[in-house]
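Written out below as structure tokens is the structure these notes cover.
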Amino acid sequence: LLNDGSVISWGDNQYGQLGGGTTGGVVTDKPVELTFTESEGADGEYVVALSAGTIHGVVLTADQHVYTWGGNGGGQLGNGTVGGSVATPTILRDKDGAPYPAAMVSAGGGFTAMGLVKTRTMTGPDGEYTDYYGPLYAFGLNTYGQIGNGESTRTEGNQAMSTASPVWVRGNANYIIPENILMPVTGLQHVTVLISKFYIANEDVAPAGTYDYVI
């Protein structure tokens with residue numbers, strides 16, 4: 001990631017992890033520049049964060065868009081499919097086709113985590129105001145429960161458990177909306193996040209409320 005918001009890559013490219021539009025084990029021994037465009041003919045976006053997994057990559061742009069590319073054997077690209085590869089950076093969209101609005105991204109071994117930008121209307125001493133918070137989503141290989149969705153089964157038949165679309169990381173019974181996540185740090189098969197508070201929001205179980213979280 002360069003200081004002008006561009007991204008270059010080189011090296012092994014068996015799964016398209018360089019993002020240059022080719023796959024198939026072609027070794028690139030000179031840097032190639034990646035492009036990040038929401039649609040054909042659109043201007044390239046300025047990249048503010050980059051993270052590389054084992055065979056895939058993810059970036060966050062200044063427009064709060066998330067792009068993924070590379071190998072997708074565990075669903076780590078978040079595009080709703082498992083298997084194959086994507087050779088060029090592709091914007092991540094929700095089920096309605098809208099880009100996910102994100103504030104942070106991190107790639108693990110065969111999975112990805114991202115913190116979204118959400119708003120809710122709150123009431124304070126001076127009246128209503130808009131509060132910003134960042135729910136944590138994850139997707140990809142879930143062999144060791146690294147997606148955090150409460151499913152930790154290692155295998156289903158001979159297939160590794162995967163989550164091909166972003167899912168909300170949750171606690172034991174309720175969903176957790178971390179208010180002050182600094183950064184999700186993904187290891188090969190796990191996620192660690194630093195949280196000072198979290199917001200419980202599952203009104204089928206209990207009213208929403210804010211709770212302190214002791215680290």
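By order in the structure tokens, chains are A, B, ...; within a chain, residues start at 1; ligands start at 1, following the order shown.
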
Quick one: residues within 9 Å of Asp63 (chain A), only C-alpha atoms, excluding same-chain residues fewer than 5 positions away - as an MDAnalysis selection string?
chainID A and resid 45:47 101:102

Within 7 Å of region 28-34 of chain A using only C-alpha atoms, minus same-chain residues under 2 positions, as JSON, numbers by chain:
{"A": [7, 8, 9, 10, 11, 12, 19, 20, 26, 36]}

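The space separating CA of Pro89 (chain A) from CA of Thr119 (chain A) comes to 27.3 Å.
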
So that I can see what lies close to Glu38 (chain A), please list as a ChimeraX atom specification the residues with an atom at most 12 Å from it, counting only C-alpha atoms and leaving out residues fewer than 6 positions away in the same chain.
/A:44-46,61,63-67,89-93,97-100

Please return, as a ChimeraX atom specification, all residues of region 73-119 of chain A that DSSP assigns to strand (DSSP E or B) on the basis of the backbone.
/A:85-91,93,99,102-107,111-116,118-119

Export, as a PDB file, in the first residue's frame, the selected residues with N, CA, C and O atoms.
```
ATOM      1  N   SER A  85     -11.672 -18.866  -7.645  1.00  0.00           N
ATOM      2  CA  SER A  85     -10.879 -17.698  -7.298  1.00  0.00           C
ATOM      3  C   SER A  85     -11.384 -16.497  -8.088  1.00  0.00           C
ATOM      4  O   SER A  85     -12.095 -16.647  -9.080  1.00  0.00           O
ATOM      5  N   VAL A  86     -11.005 -15.311  -7.622  1.00  0.00           N
ATOM      6  CA  VAL A  86     -11.331 -14.060  -8.299  1.00  0.00           C
ATOM      7  C   VAL A  86     -10.028 -13.307  -8.497  1.00  0.00           C
ATOM      8  O   VAL A  86      -9.337 -12.992  -7.525  1.00  0.00           O
ATOM      9  N   ALA A  87      -9.687 -13.022  -9.742  1.00  0.00           N
ATOM     10  CA  ALA A  87      -8.354 -12.506 -10.065  1.00  0.00           C
ATOM     11  C   ALA A  87      -8.233 -10.995  -9.961  1.00  0.00           C
ATOM     12  O   ALA A  87      -7.124 -10.467 -10.003  1.00  0.00           O
ATOM     13  N   THR A  88      -9.342 -10.280  -9.845  1.00  0.00           N
ATOM     14  CA  THR A  88      -9.295  -8.825  -9.720  1.00  0.00           C
ATOM     15  C   THR A  88     -10.102  -8.386  -8.506  1.00  0.00           C
ATOM     16  O   THR A  88     -11.103  -9.022  -8.158  1.00  0.00           O
ATOM     17  N   PRO A  89      -9.710  -7.323  -7.833  1.00  0.00           N
ATOM     18  CA  PRO A  89     -10.448  -6.843  -6.666  1.00  0.00           C
ATOM     19  C   PRO A  89     -11.912  -6.562  -7.013  1.00  0.00           C
ATOM     20  O   PRO A  89     -12.204  -5.871  -7.991  1.00  0.00           O
ATOM     21  N   THR A  90     -12.813  -7.112  -6.196  1.00  0.00           N
ATOM     22  CA  THR A  90     -14.248  -6.982  -6.433  1.00  0.00           C
ATOM     23  C   THR A  90     -14.911  -6.427  -5.189  1.00  0.00           C
ATOM     24  O   THR A  90     -14.680  -6.912  -4.079  1.00  0.00           O
ATOM     25  N   ILE A  91     -15.764  -5.417  -5.367  1.00  0.00           N
ATOM     26  CA  ILE A  91     -16.411  -4.776  -4.237  1.00  0.00           C
ATOM     27  C   ILE A  91     -17.367  -5.747  -3.557  1.00  0.00           C
ATOM     28  O   ILE A  91     -18.035  -6.549  -4.203  1.00  0.00           O
ATOM     29  N   ARG A  93     -20.688  -6.655  -1.625  1.00  0.00           N
ATOM     30  CA  ARG A  93     -22.044  -6.100  -1.549  1.00  0.00           C
ATOM     31  C   ARG A  93     -22.933  -6.969  -0.670  1.00  0.00           C
ATOM     32  O   ARG A  93     -22.726  -8.181  -0.560  1.00  0.00           O
ATOM     33  N   PRO A  99     -23.027  -1.707  -1.502  1.00  0.00           N
ATOM     34  CA  PRO A  99     -21.713  -1.936  -0.898  1.00  0.00           C
ATOM     35  C   PRO A  99     -21.785  -1.879   0.622  1.00  0.00           C
ATOM     36  O   PRO A  99     -22.502  -1.047   1.181  1.00  0.00           O
ATOM     37  N   ALA A 102     -17.803   0.124   5.528  1.00  0.00           N
ATOM     38  CA  ALA A 102     -16.880  -0.428   6.519  1.00  0.00           C
ATOM     39  C   ALA A 102     -15.901   0.611   7.044  1.00  0.00           C
ATOM     40  O   ALA A 102     -15.684   1.655   6.434  1.00  0.00           O
ATOM     41  N   ALA A 103     -15.303   0.280   8.196  1.00  0.00           N
ATOM     42  CA  ALA A 103     -14.298   1.145   8.809  1.00  0.00           C
ATOM     43  C   ALA A 103     -13.001   0.412   9.086  1.00  0.00           C
ATOM     44  O   ALA A 103     -12.002   1.035   9.426  1.00  0.00           O
ATOM     45  N   MET A 104     -13.004  -0.918   8.957  1.00  0.00           N
ATOM     46  CA  MET A 104     -11.794  -1.692   9.213  1.00  0.00           C
ATOM     47  C   MET A 104     -11.920  -3.054   8.548  1.00  0.00           C
ATOM     48  O   MET A 104     -13.029  -3.578   8.366  1.00  0.00           O
ATOM     49  N   VAL A 105     -10.778  -3.623   8.160  1.00  0.00           N
ATOM     50  CA  VAL A 105     -10.752  -4.945   7.538  1.00  0.00           C
ATOM     51  C   VAL A 105      -9.527  -5.702   8.023  1.00  0.00           C
ATOM     52  O   VAL A 105      -8.519  -5.106   8.393  1.00  0.00           O
ATOM     53  N   SER A 106      -9.635  -7.040   8.022  1.00  0.00           N
ATOM     54  CA  SER A 106      -8.493  -7.869   8.394  1.00  0.00           C
ATOM     55  C   SER A 106      -8.671  -9.255   7.791  1.00  0.00           C
ATOM     56  O   SER A 106      -9.749  -9.848   7.897  1.00  0.00           O
ATOM     57  N   ALA A 107      -7.644  -9.775   7.135  1.00  0.00           N
ATOM     58  CA  ALA A 107      -7.693 -11.087   6.492  1.00  0.00           C
ATOM     59  C   ALA A 107      -6.982 -12.122   7.346  1.00  0.00           C
ATOM     60  O   ALA A 107      -5.867 -11.893   7.814  1.00  0.00           O
ATOM     61  N   PHE A 111     -10.152 -16.825   6.008  1.00  0.00           N
ATOM     62  CA  PHE A 111     -11.363 -16.092   6.365  1.00  0.00           C
ATOM     63  C   PHE A 111     -11.049 -14.606   6.457  1.00  0.00           C
ATOM     64  O   PHE A 111      -9.895 -14.189   6.363  1.00  0.00           O
ATOM     65  N   THR A 112     -12.084 -13.793   6.630  1.00  0.00           N
ATOM     66  CA  THR A 112     -11.924 -12.342   6.650  1.00  0.00           C
ATOM     67  C   THR A 112     -12.846 -11.748   7.705  1.00  0.00           C
ATOM     68  O   THR A 112     -13.947 -12.246   7.925  1.00  0.00           O
ATOM     69  N   ALA A 113     -12.402 -10.674   8.348  1.00  0.00           N
ATOM     70  CA  ALA A 113     -13.232  -9.928   9.300  1.00  0.00           C
ATOM     71  C   ALA A 113     -13.297  -8.475   8.858  1.00  0.00           C
ATOM     72  O   ALA A 113     -12.341  -7.944   8.301  1.00  0.00           O
ATOM     73  N   MET A 114     -14.444  -7.847   9.116  1.00  0.00           N
ATOM     74  CA  MET A 114     -14.576  -6.424   8.803  1.00  0.00           C
ATOM     75  C   MET A 114     -15.491  -5.754   9.816  1.00  0.00           C
ATOM     76  O   MET A 114     -16.456  -6.344  10.295  1.00  0.00           O
ATOM     77  N   GLY A 115     -15.157  -4.524  10.165  1.00  0.00           N
ATOM     78  CA  GLY A 115     -15.994  -3.724  11.042  1.00  0.00           C
ATOM     79  C   GLY A 115     -16.793  -2.744  10.214  1.00  0.00           C
ATOM     80  O   GLY A 115     -16.227  -1.988   9.420  1.00  0.00           O
ATOM     81  N   LEU A 116     -18.117  -2.776  10.355  1.00  0.00           N
ATOM     82  CA  LEU A 116     -18.979  -1.917   9.547  1.00  0.00           C
ATOM     83  C   LEU A 116     -19.251  -0.586  10.239  1.00  0.00           C
ATOM     84  O   LEU A 116     -19.007  -0.423  11.432  1.00  0.00           O
ATOM     85  N   LYS A 118     -22.260   1.753  11.193  1.00  0.00           N
ATOM     86  CA  LYS A 118     -23.714   1.811  11.330  1.00  0.00           C
ATOM     87  C   LYS A 118     -24.090   3.029  12.168  1.00  0.00           C
ATOM     88  O   LYS A 118     -23.273   3.578  12.914  1.00  0.00           O
ATOM     89  N   THR A 119     -25.331   3.448  12.046  1.00  0.00           N
ATOM     90  CA  THR A 119     -25.812   4.574  12.851  1.00  0.00           C
ATOM     91  C   THR A 119     -27.129   4.197  13.527  1.00  0.00           C
ATOM     92  O   THR A 119     -27.869   3.336  13.053  1.00  0.00           O
TER      93      THR A 119
END
```

Distance CA of Gln76 (chain A)-CA of Val59 (chain A), one decimal place?
13.1 Å

Taking 6 positions as the minimum chain separation for residues in the same chain, which residues sit within 9 Å of Val48 (chain A) when counting only C-alpha atoms? Answer as a ChimeraX atom specification.
/A:1,3,5-6,59-62

Just-selected residues, all heavy atoms written as a compact mmCIF listing (two decimals), in the first residue's frame:
```txt
# COMPACT_ATOMS: atom_id res chain seq x y z
N LEU A 1 0.86 -1.19 0.00
CA LEU A 1 0.00 0.00 0.00
C LEU A 1 0.90 1.24 0.00
O LEU A 1 1.72 1.41 0.90
CB LEU A 1 -0.92 -0.01 1.22
CG LEU A 1 -1.78 1.24 1.45
CD1 LEU A 1 -2.71 1.48 0.27
CD2 LEU A 1 -2.58 1.09 2.74
N ASN A 3 1.69 5.55 -0.36
CA ASN A 3 1.12 6.74 0.29
C ASN A 3 0.22 7.56 -0.61
O ASN A 3 -0.33 8.58 -0.17
CB ASN A 3 2.23 7.61 0.89
CG ASN A 3 3.22 8.12 -0.15
OD1 ASN A 3 2.99 7.96 -1.35
ND2 ASN A 3 4.31 8.71 0.31
N GLY A 5 -2.41 6.05 -1.97
CA GLY A 5 -3.64 5.28 -1.96
C GLY A 5 -3.70 4.17 -2.98
O GLY A 5 -4.74 3.53 -3.16
N SER A 6 -2.61 3.89 -3.65
CA SER A 6 -2.57 2.81 -4.63
C SER A 6 -1.96 1.55 -4.00
O SER A 6 -1.33 1.61 -2.94
CB SER A 6 -1.77 3.22 -5.87
OG SER A 6 -0.41 3.46 -5.52
N VAL A 59 -9.11 -5.00 0.97
CA VAL A 59 -8.75 -3.61 1.23
C VAL A 59 -9.99 -2.84 1.66
O VAL A 59 -11.13 -3.24 1.40
CB VAL A 59 -8.14 -2.90 0.00
CG1 VAL A 59 -6.88 -3.59 -0.48
CG2 VAL A 59 -9.16 -2.76 -1.12
N LEU A 60 -9.73 -1.71 2.30
CA LEU A 60 -10.76 -0.73 2.65
C LEU A 60 -10.39 0.56 1.93
O LEU A 60 -9.23 0.98 1.96
CB LEU A 60 -10.78 -0.50 4.17
CG LEU A 60 -11.68 0.61 4.68
CD1 LEU A 60 -13.15 0.26 4.49
CD2 LEU A 60 -11.39 0.89 6.16
N THR A 61 -11.38 1.18 1.28
CA THR A 61 -11.12 2.42 0.56
C THR A 61 -11.62 3.63 1.35
O THR A 61 -12.37 3.49 2.32
CB THR A 61 -11.78 2.42 -0.83
OG1 THR A 61 -13.20 2.54 -0.68
CG2 THR A 61 -11.43 1.15 -1.59
N ALA A 62 -11.24 4.81 0.89
CA ALA A 62 -11.67 6.05 1.54
C ALA A 62 -13.19 6.24 1.45
O ALA A 62 -13.77 6.97 2.24
CB ALA A 62 -10.95 7.24 0.92
```

Name the residues in contact with Gln14 (chain A) at a cut-off of 6 Å, using only C-alpha atoms, excluding same-chain residues fewer than 6 positions from it; report them as an mmCIF file with all heavy atoms, in the first residue's frame.
```
data_model
loop_
_atom_site.group_PDB
_atom_site.id
_atom_site.type_symbol
_atom_site.label_atom_id
_atom_site.label_comp_id
_atom_site.auth_asym_id
_atom_site.auth_seq_id
_atom_site.Cartn_x
_atom_site.Cartn_y
_atom_site.Cartn_z
ATOM 1 N N THR A 23 -4.475 -15.763 -13.117
ATOM 2 C CA THR A 23 -4.318 -16.849 -12.143
ATOM 3 C C THR A 23 -3.475 -17.939 -12.785
ATOM 4 O O THR A 23 -2.925 -17.772 -13.866
ATOM 5 C CB THR A 23 -5.696 -17.429 -11.743
ATOM 6 O OG1 THR A 23 -6.348 -17.925 -12.931
ATOM 7 C CG2 THR A 23 -6.573 -16.396 -11.080
ATOM 8 N N GLY A 24 -3.392 -19.075 -12.096
ATOM 9 C CA GLY A 24 -2.774 -20.241 -12.708
ATOM 10 C C GLY A 24 -1.303 -20.410 -12.461
ATOM 11 O O GLY A 24 -0.607 -21.016 -13.268
ATOM 12 N N GLY A 25 -0.810 -19.898 -11.357
ATOM 13 C CA GLY A 25 0.575 -20.142 -10.995
ATOM 14 C C GLY A 25 1.572 -19.258 -11.702
ATOM 15 O O GLY A 25 2.770 -19.510 -11.663
#
```

Please, what distance in Å, to one decimal, runs between CA of Leu2 (chain A) and CA of Gly41 (chain A)?
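Distance reported for this atom pair: 22.9 Å.
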